[in-house]
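So the structure is just underneath, and the comments pick up after that.
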There are 2 protein chains.
Amino acid sequence: MSEVYVTRRTKLRARCQASGSATALITRPANVRYLAGTAPRGAVLLLGASEDILLCPGPLDDRMDGRPDQALRIHTLPGAAGDPAVAAADLAAGQHAGSLAVEEHHLTVGRHRAIRSVVPRLRLADLAGAVEQLRVIKDEEEISCLRIGAEIADQALGELLESILVGRTERHLALELERRLVDHGADGPAFATSVGTGPNAGRPGHRPTDRRVEEGDFLSVCLGANYRGYRCEIGRTFVIGTSPADWQIDLYDLVFAAQRAGRESLTPGAAYRDVDRAARQVLESAGHHEGLPTLTGHGVGLEIDEDPQLAPAAMGKLDACVPVTVEPGVHLPGRGGVRIDDTLVVRPEADGGPELLTITTKELLAL
Amino acid sequence: MSEVYVTRRTKLRARCQASGSATALITRPANVRYLAGTAPRGAVLLLGASEDILLCPGPLDDRMDGRPDQALRIHTLPGAAGDPAVAAADLAAGQHAGSLAVEEHHLTVGRHRAIRSVVPRLRLADLAGAVEQLRVIKDEEEISCLRIGAEIADQALGELLESILVGRTERHLALELERRLVDHGADGPAFATSVGTGPNAGRPGHRPTDRRVEEGDFLSVCLGANYRGYRCEIGRTFVIGTSPADWQIDLYDLVFAAQRAGRESLTPGAAYRDVDRAARQVLESAGHHEGLPTLTGHGVGLEIDEDPQLAPAAMGKLDACVPVTVEPGVHLPGRGGVRIDDTLVVRPEADGGPELLTITTKELLAL
């Protein structure tokens, strides 16, 4: 595995050097993990002029996620040694680096100031989202982690559907799903599991409440597994009871059509905003303008919400091997709504088109 | 409740004005919540020259934690409107504020730069930890939330102790504790529940693994409830089986003595470092120097780890109505260890001394 990390750091170094910095300081945890194999709490990565160093506050131990790349030097700093970012900048200065690129979108003003005061002669540049950009296209190892995570989420959801739901609270269903994720081998939930019933169903980002599932409700569920650091997402909506109302069937069919249109537009070269538009226009043409989510999908990987954003104003085009969610929904205040969410990997037509990772049925199940 | 928030903002405004800033921008979520009553995701608070405004990306809805202070103006920004911090700075400039104090320990370099470019004539100052300092001493309403949270954690732990433990994994015990916290009315766990068995027991910050509880193990548990945003903490260590080994009894007695010494030193006016030393010297005088935690306690409140730090180099003295943890421990690599952790509120002698919130027994229970 070490080669993977060396290759990633080599790519990043080339980008830094092209923009005039011999060294870079990585502070954002998901970026540290991507380049170093692990990101112990508070650790930073120095991409040095002569060597790369992971600086950790306190000893590395077997509690950390992931394994550090063997090609990396590891510095552990005692607890009272101060900010590892400042220590890293000091090392960069010692390597006679003229400038250090930092993640200005993550580093605080206070830490930036501390670095400047300790190494005033080091020019600080902005690395911007260089690591985030590298992370967009996944290798097959990364996709394999997402695929396993999606299988785990499918299993957890499938088991829930076989149990009695009426009378149970949103909170309990969410906790039960999280327990089942761990049962099936997840390192944990990918994000806080959302369960919404009745008027809460279909509301994006809904936090589970003490409301109990009732006969006739919509029930919407959104969950994902964290497997070896990689996070996937699945969302489904069901009806409780034997016969869905007409408005429920109509709303479900509409969101299903929007989600299918989004999925079918996932091809290498498609503009992010066109994928969004494909799904969004189905909802808008049925008169739903209010209460639509600001995006209809996003990248997933080491973070649950990463680049790209599939949104009306997003700039850029999809590449092959980019995993994204497609998750349109409609929420009607006071009545509830529908949300359908899959994780897929963009693949060329020749390879069969988008690869669906979350395979739980999208038929409207009456439970 | 509105008066509470108005009073807090008035105190902060006085501090800002004393250091030359008529306005302040609060971005750290726990600080926003402390001053505004709620902190929707991405929201920032402008302490303005003429009025205070909570700027939220997207509409407020009933998913948010807490309720916004009624005396506050609320601006909701559409999703595409950009960074609320920049919008807030623009408003401050419109109020003819000469300078704006920002939280340099939280605001990123990128956002700071964006503010400067939009309102170049506004002088940006550093608010530093002014809000964190206000948060140290709690009012009785806040302490009451912590007290209820502690009761919930005690209940969850008590129920776990009545169940069969041998053969169950650390992960499952942790998930079960979290479910019980929610059962008893917590909004959620205060932090990721830690369960360590055998060689993992007593290790600070241990993440639950698939190791199963065995006869003869130490079992250490650390959990807490989030109740209305306030987070408490309790940690206990048990032995599994009928007869603890002599080394287990000795180690337990030692940590218990250290923890008692820490608790008994909690008086208004006591230096943070003296509380730490009281606990730490008991462990050190028994020959334990390696593997001691960097701190033996810390403040709790809207965050699980807030000021003060009870550590060897900490500066400052305890006040009445400051809730802190006292949590010394010893971990012997390969063998396991003991950790005992309470949340207490500092109270004057005349009021009966420190108020213990987490009342689960600290006898060495053999389960």
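In the structure tokens, the first chain shown is A, the next is B, and so on; residue numbers restart at 1 for each chain, and ligands run from 1 in the order shown.
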
I need the chain A residues near chain B as an MDAnalysis selection string; criterion: at most 7 Å, counting only C-alpha atoms. chainID A and resid 63 79 104:110 175 179 206:207 294

Neighbours of range 350-367 of chain B within 6 Å (only C-alpha atoms; same-chain residues fewer than 2 positions away dropped), as a count of residues only? 15

Could you pull out the alpha helix (DSSP H) residues of range 40-285 of chain A from DSSP and send them as JSON, numbers by chain? {"A": [84, 85, 86, 87, 88, 89, 90, 91, 92, 93, 94, 109, 110, 111, 112, 113, 114, 115, 116, 117, 118, 130, 131, 132, 133, 134, 135, 136, 140, 141, 142, 143, 144, 145, 146, 147, 148, 149, 150, 151, 152, 153, 154, 155, 156, 157, 158, 159, 160, 161, 170, 171, 172, 173, 174, 175, 176, 177, 178, 179, 180, 181, 182, 183, 246, 247, 248, 249, 250, 251, 252, 253, 254, 255, 256, 257, 258, 259, 260, 261, 262, 263, 264, 272, 273, 274, 275, 276, 277, 278, 279, 280, 281, 282, 283, 284, 285]}

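Of note, CA of Thr27 in chain A and CA of Leu122 in chain A are spaced 17.4 Å apart.
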
DSSP on the backbone, then: every residue of range 1-216 of chain B marked strand (DSSP E or B), written as a ChimeraX atom specification. /B:23-26,38,44-47,52-57,66,73-77,99-102,108,123-126,169,188-189,194-197,212

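The shell of residues at most 7 Å from range 3-7 of chain A, with only C-alpha atoms counted and near chain neighbours (fewer than 6 positions) removed, consists of Leu35, Ala36, Gly37 and Asp69 of chain A.
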
Pick out the residues sitting within 7 Å of Gly196 in chain B, and hand them over as a short mmCIF file (atom, residue, chain, number, x, y, z; two decimals) with N, CA and C atoms, in the first residue's frame; count only C-alpha atoms, and ignore anything fewer than 2 positions along from it in its own chain.
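Once everything was written out, this is part38.cif:
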data_model
loop_
_atom_site.label_atom_id
_atom_site.label_comp_id
_atom_site.auth_asym_id
_atom_site.auth_seq_id
_atom_site.Cartn_x
_atom_site.Cartn_y
_atom_site.Cartn_z
N GLU B 170 -16.42 -4.85 22.90
CA GLU B 170 -16.35 -3.44 23.30
C GLU B 170 -17.32 -2.60 22.48
N SER B 194 -16.52 5.27 25.15
CA SER B 194 -15.33 4.43 25.14
C SER B 194 -15.54 3.23 26.05
N GLY B 198 -9.72 -5.80 29.19
CA GLY B 198 -8.40 -6.44 29.26
C GLY B 198 -7.30 -5.42 29.03
N ASN B 200 -6.94 -3.21 26.92
CA ASN B 200 -7.41 -1.89 26.50
C ASN B 200 -7.99 -1.07 27.64
N ALA B 201 -8.26 -1.72 28.77
CA ALA B 201 -8.93 -1.01 29.86
C ALA B 201 -8.04 0.11 30.37
N GLY B 202 -8.66 1.22 30.72
CA GLY B 202 -7.96 2.33 31.34
C GLY B 202 -7.17 3.19 30.39
N HIS B 206 -9.69 5.44 24.38
CA HIS B 206 -9.72 4.17 23.64
C HIS B 206 -10.98 4.06 22.79
N PRO B 208 -13.60 1.73 20.93
CA PRO B 208 -14.04 0.34 21.08
C PRO B 208 -13.63 -0.54 19.89
N LEU B 219 -12.53 -3.90 33.02
CA LEU B 219 -13.43 -3.30 32.01
C LEU B 219 -13.57 -1.84 32.36
N SER B 220 -13.16 -0.96 31.47
CA SER B 220 -13.34 0.46 31.76
C SER B 220 -14.27 1.08 30.74
N VAL B 221 -15.09 1.98 31.23
CA VAL B 221 -16.18 2.57 30.45
C VAL B 221 -16.14 4.08 30.67
#

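The spacing separating CA of Ala85 in chain A from CA of Pro57 in chain A amounts to 10.2 Å.
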
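Here CA of Tyr272 in chain A stands at a distance of 5.0 Å from CA of Leu310 in chain A.
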
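Restricting the calculation to only C-alpha atoms, the smallest distance between Glu327 in chain A and any of A:Ala245, A:Val136, A:Leu254, A:Ile234 is found for A:Ile234.
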
Close residues, Ala89 in chain B itself excluded, 12 Å, only C-alpha atoms, min 6 positions apart in chain, as an NGL selection string: :B and (23-27 or 44-49 or 53 or 55 or 83 or 95-102 or 111-124)

List as a PDB file with N, CA and C atoms, in the first residue's frame the protein and nucleic acid residues near Phe256 in chain A, meaning an atom at most 10 Å away when only C-alpha atoms are counted, but skip any in the same chain fewer than 3 places from it.
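Once everything was written out, this is result-v9.pdb:
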ATOM      1  N   ASP A 250     -48.087   9.167  -6.026  1.00  0.00           N
ATOM      2  CA  ASP A 250     -47.704  10.170  -7.032  1.00  0.00           C
ATOM      3  C   ASP A 250     -46.376  10.825  -6.675  1.00  0.00           C
ATOM      4  N   LEU A 251     -46.227  11.202  -5.409  1.00  0.00           N
ATOM      5  CA  LEU A 251     -44.998  11.877  -4.995  1.00  0.00           C
ATOM      6  C   LEU A 251     -43.807  10.927  -5.121  1.00  0.00           C
ATOM      7  N   TYR A 252     -44.033   9.677  -4.739  1.00  0.00           N
ATOM      8  CA  TYR A 252     -42.947   8.705  -4.830  1.00  0.00           C
ATOM      9  C   TYR A 252     -42.515   8.516  -6.286  1.00  0.00           C
ATOM     10  N   ASP A 253     -43.493   8.351  -7.164  1.00  0.00           N
ATOM     11  CA  ASP A 253     -43.170   8.137  -8.584  1.00  0.00           C
ATOM     12  C   ASP A 253     -42.383   9.313  -9.150  1.00  0.00           C
ATOM     13  N   GLN A 259     -34.803  10.882  -9.608  1.00  0.00           N
ATOM     14  CA  GLN A 259     -33.560  10.217  -9.196  1.00  0.00           C
ATOM     15  C   GLN A 259     -33.012   9.377 -10.341  1.00  0.00           C
ATOM     16  N   ARG A 260     -33.901   8.726 -11.096  1.00  0.00           N
ATOM     17  CA  ARG A 260     -33.454   7.940 -12.250  1.00  0.00           C
ATOM     18  C   ARG A 260     -32.818   8.846 -13.299  1.00  0.00           C
ATOM     19  N   ALA A 261     -33.441  10.010 -13.540  1.00  0.00           N
ATOM     20  CA  ALA A 261     -32.876  10.944 -14.528  1.00  0.00           C
ATOM     21  C   ALA A 261     -31.474  11.378 -14.093  1.00  0.00           C
ATOM     22  N   GLY A 262     -31.294  11.630 -12.802  1.00  0.00           N
ATOM     23  CA  GLY A 262     -29.965  11.995 -12.301  1.00  0.00           C
ATOM     24  C   GLY A 262     -28.972  10.869 -12.515  1.00  0.00           C
ATOM     25  N   ALA A 279     -32.053  15.888 -12.714  1.00  0.00           N
ATOM     26  CA  ALA A 279     -32.941  15.460 -11.628  1.00  0.00           C
ATOM     27  C   ALA A 279     -33.903  16.583 -11.239  1.00  0.00           C
ATOM     28  N   VAL A 282     -37.184  17.464 -13.363  1.00  0.00           N
ATOM     29  CA  VAL A 282     -38.332  16.567 -13.219  1.00  0.00           C
ATOM     30  C   VAL A 282     -39.230  17.064 -12.086  1.00  0.00           C
ATOM     31  N   LEU A 283     -38.601  17.469 -10.993  1.00  0.00           N
ATOM     32  CA  LEU A 283     -39.368  17.955  -9.836  1.00  0.00           C
ATOM     33  C   LEU A 283     -39.999  19.309 -10.147  1.00  0.00           C
ATOM     34  N   GLU A 327     -29.474  12.165  -4.998  1.00  0.00           N
ATOM     35  CA  GLU A 327     -30.400  12.139  -3.869  1.00  0.00           C
ATOM     36  C   GLU A 327     -31.455  13.242  -3.900  1.00  0.00           C
ATOM     37  N   PRO A 328     -32.225  13.313  -4.986  1.00  0.00           N
ATOM     38  CA  PRO A 328     -33.289  14.315  -4.982  1.00  0.00           C
ATOM     39  C   PRO A 328     -34.383  13.929  -3.995  1.00  0.00           C
ATOM     40  N   GLY A 329     -35.173  14.907  -3.622  1.00  0.00           N
ATOM     41  CA  GLY A 329     -36.285  14.656  -2.714  1.00  0.00           C
ATOM     42  C   GLY A 329     -37.233  15.823  -2.745  1.00  0.00           C
ATOM     43  N   VAL A 338     -40.574  12.537   0.271  1.00  0.00           N
ATOM     44  CA  VAL A 338     -39.858  11.376  -0.268  1.00  0.00           C
ATOM     45  C   VAL A 338     -38.439  11.795  -0.614  1.00  0.00           C
ATOM     46  N   ARG A 339     -37.517  10.920  -0.359  1.00  0.00           N
ATOM     47  CA  ARG A 339     -36.129  11.146  -0.713  1.00  0.00           C
ATOM     48  C   ARG A 339     -35.545   9.793  -1.095  1.00  0.00           C
ATOM     49  N   ILE A 340     -34.862   9.767  -2.227  1.00  0.00           N
ATOM     50  CA  ILE A 340     -34.236   8.523  -2.688  1.00  0.00           C
ATOM     51  C   ILE A 340     -32.788   8.846  -2.992  1.00  0.00           C
ATOM     52  N   ASP A 341     -31.897   8.075  -2.430  1.00  0.00           N
ATOM     53  CA  ASP A 341     -30.475   8.428  -2.408  1.00  0.00           C
ATOM     54  C   ASP A 341     -29.641   7.176  -2.668  1.00  0.00           C
ATOM     55  N   LYS A 362     -35.642   0.107  -5.045  1.00  0.00           N
ATOM     56  CA  LYS A 362     -36.258   1.432  -5.014  1.00  0.00           C
ATOM     57  C   LYS A 362     -37.738   1.367  -5.365  1.00  0.00           C
ATOM     58  N   GLU A 363     -38.329   0.167  -5.379  1.00  0.00           N
ATOM     59  CA  GLU A 363     -39.797   0.073  -5.446  1.00  0.00           C
ATOM     60  C   GLU A 363     -40.391   0.701  -4.195  1.00  0.00           C
ATOM     61  N   LEU A 364     -41.606   1.211  -4.315  1.00  0.00           N
ATOM     62  CA  LEU A 364     -42.267   1.748  -3.119  1.00  0.00           C
ATOM     63  C   LEU A 364     -42.793   0.586  -2.275  1.00  0.00           C
TER      64      LEU A 364
END

So that I can check the surroundings of Pro84 in chain B, please list as a ChimeraX atom specification every protein, DNA and RNA residue that reaches within 8 Å of it, counting only C-alpha atoms and ignoring chain neighbours fewer than 2 positions away. /B:42-44,55-57,77,81-82,86-88

Output all heavy atoms of each residue in that selection to a file, as a PDB file, in the first residue's frame.
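What follows is the written file part.pdb:
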ATOM      1  N   GLY B  42     -23.488  26.196  10.233  1.00  0.00           N
ATOM      2  CA  GLY B  42     -22.967  27.252   9.375  1.00  0.00           C
ATOM      3  C   GLY B  42     -23.351  28.660   9.805  1.00  0.00           C
ATOM      4  O   GLY B  42     -22.913  29.633   9.198  1.00  0.00           O
ATOM      5  N   ALA B  43     -24.181  28.788  10.877  1.00  0.00           N
ATOM      6  CA  ALA B  43     -24.631  30.117  11.289  1.00  0.00           C
ATOM      7  C   ALA B  43     -23.518  30.881  11.995  1.00  0.00           C
ATOM      8  O   ALA B  43     -22.664  30.286  12.657  1.00  0.00           O
ATOM      9  CB  ALA B  43     -25.838  29.995  12.215  1.00  0.00           C
ATOM     10  N   VAL B  44     -23.529  32.204  11.864  1.00  0.00           N
ATOM     11  CA  VAL B  44     -22.595  33.060  12.583  1.00  0.00           C
ATOM     12  C   VAL B  44     -23.399  34.157  13.266  1.00  0.00           C
ATOM     13  O   VAL B  44     -24.527  34.452  12.875  1.00  0.00           O
ATOM     14  CB  VAL B  44     -21.538  33.692  11.643  1.00  0.00           C
ATOM     15  CG1 VAL B  44     -20.829  32.622  10.816  1.00  0.00           C
ATOM     16  CG2 VAL B  44     -22.163  34.731  10.719  1.00  0.00           C
ATOM     17  N   LEU B  55     -26.889  35.168  11.456  1.00  0.00           N
ATOM     18  CA  LEU B  55     -26.947  34.934  10.010  1.00  0.00           C
ATOM     19  C   LEU B  55     -26.866  33.439   9.746  1.00  0.00           C
ATOM     20  O   LEU B  55     -25.882  32.781  10.116  1.00  0.00           O
ATOM     21  CB  LEU B  55     -25.801  35.651   9.308  1.00  0.00           C
ATOM     22  CG  LEU B  55     -25.872  37.189   9.358  1.00  0.00           C
ATOM     23  CD1 LEU B  55     -24.987  37.715  10.470  1.00  0.00           C
ATOM     24  CD2 LEU B  55     -25.463  37.778   8.016  1.00  0.00           C
ATOM     25  N   CYS B  56     -27.913  32.896   9.107  1.00  0.00           N
ATOM     26  CA  CYS B  56     -27.998  31.448   8.894  1.00  0.00           C
ATOM     27  C   CYS B  56     -28.027  31.149   7.396  1.00  0.00           C
ATOM     28  O   CYS B  56     -28.772  31.793   6.661  1.00  0.00           O
ATOM     29  CB  CYS B  56     -29.284  30.897   9.483  1.00  0.00           C
ATOM     30  SG  CYS B  56     -29.507  31.311  11.198  1.00  0.00           S
ATOM     31  N   PRO B  57     -27.243  30.173   6.967  1.00  0.00           N
ATOM     32  CA  PRO B  57     -27.368  29.720   5.581  1.00  0.00           C
ATOM     33  C   PRO B  57     -28.609  28.833   5.482  1.00  0.00           C
ATOM     34  O   PRO B  57     -28.654  27.769   6.083  1.00  0.00           O
ATOM     35  CB  PRO B  57     -26.094  28.906   5.368  1.00  0.00           C
ATOM     36  CG  PRO B  57     -25.642  28.502   6.731  1.00  0.00           C
ATOM     37  CD  PRO B  57     -26.302  29.375   7.739  1.00  0.00           C
ATOM     38  N   LEU B  77     -29.907  33.390   4.732  1.00  0.00           N
ATOM     39  CA  LEU B  77     -29.281  33.638   3.436  1.00  0.00           C
ATOM     40  C   LEU B  77     -29.581  32.459   2.527  1.00  0.00           C
ATOM     41  O   LEU B  77     -29.490  31.305   2.955  1.00  0.00           O
ATOM     42  CB  LEU B  77     -27.764  33.764   3.603  1.00  0.00           C
ATOM     43  CG  LEU B  77     -27.279  34.777   4.660  1.00  0.00           C
ATOM     44  CD1 LEU B  77     -25.792  34.618   4.904  1.00  0.00           C
ATOM     45  CD2 LEU B  77     -27.587  36.187   4.190  1.00  0.00           C
ATOM     46  N   ALA B  81     -25.725  32.290  -1.486  1.00  0.00           N
ATOM     47  CA  ALA B  81     -25.345  33.650  -1.092  1.00  0.00           C
ATOM     48  C   ALA B  81     -23.929  33.719  -0.542  1.00  0.00           C
ATOM     49  O   ALA B  81     -23.457  34.797  -0.203  1.00  0.00           O
ATOM     50  CB  ALA B  81     -26.317  34.184  -0.051  1.00  0.00           C
ATOM     51  N   GLY B  82     -23.252  32.590  -0.447  1.00  0.00           N
ATOM     52  CA  GLY B  82     -21.870  32.638   0.011  1.00  0.00           C
ATOM     53  C   GLY B  82     -21.764  32.569   1.517  1.00  0.00           C
ATOM     54  O   GLY B  82     -22.716  32.224   2.219  1.00  0.00           O
ATOM     55  N   VAL B  86     -18.843  36.533   5.757  1.00  0.00           N
ATOM     56  CA  VAL B  86     -18.574  37.677   4.886  1.00  0.00           C
ATOM     57  C   VAL B  86     -19.785  38.613   4.884  1.00  0.00           C
ATOM     58  O   VAL B  86     -19.647  39.837   4.992  1.00  0.00           O
ATOM     59  CB  VAL B  86     -18.225  37.204   3.458  1.00  0.00           C
ATOM     60  CG1 VAL B  86     -18.092  38.397   2.518  1.00  0.00           C
ATOM     61  CG2 VAL B  86     -16.943  36.379   3.462  1.00  0.00           C
ATOM     62  N   ALA B  87     -20.979  38.018   4.810  1.00  0.00           N
ATOM     63  CA  ALA B  87     -22.204  38.836   4.851  1.00  0.00           C
ATOM     64  C   ALA B  87     -22.286  39.612   6.165  1.00  0.00           C
ATOM     65  O   ALA B  87     -22.695  40.781   6.184  1.00  0.00           O
ATOM     66  CB  ALA B  87     -23.425  37.934   4.682  1.00  0.00           C
ATOM     67  N   ALA B  88     -21.876  38.974   7.262  1.00  0.00           N
ATOM     68  CA  ALA B  88     -21.917  39.640   8.567  1.00  0.00           C
ATOM     69  C   ALA B  88     -20.950  40.815   8.597  1.00  0.00           C
ATOM     70  O   ALA B  88     -21.281  41.900   9.109  1.00  0.00           O
ATOM     71  CB  ALA B  88     -21.580  38.642   9.675  1.00  0.00           C
TER      72      ALA B  88
END
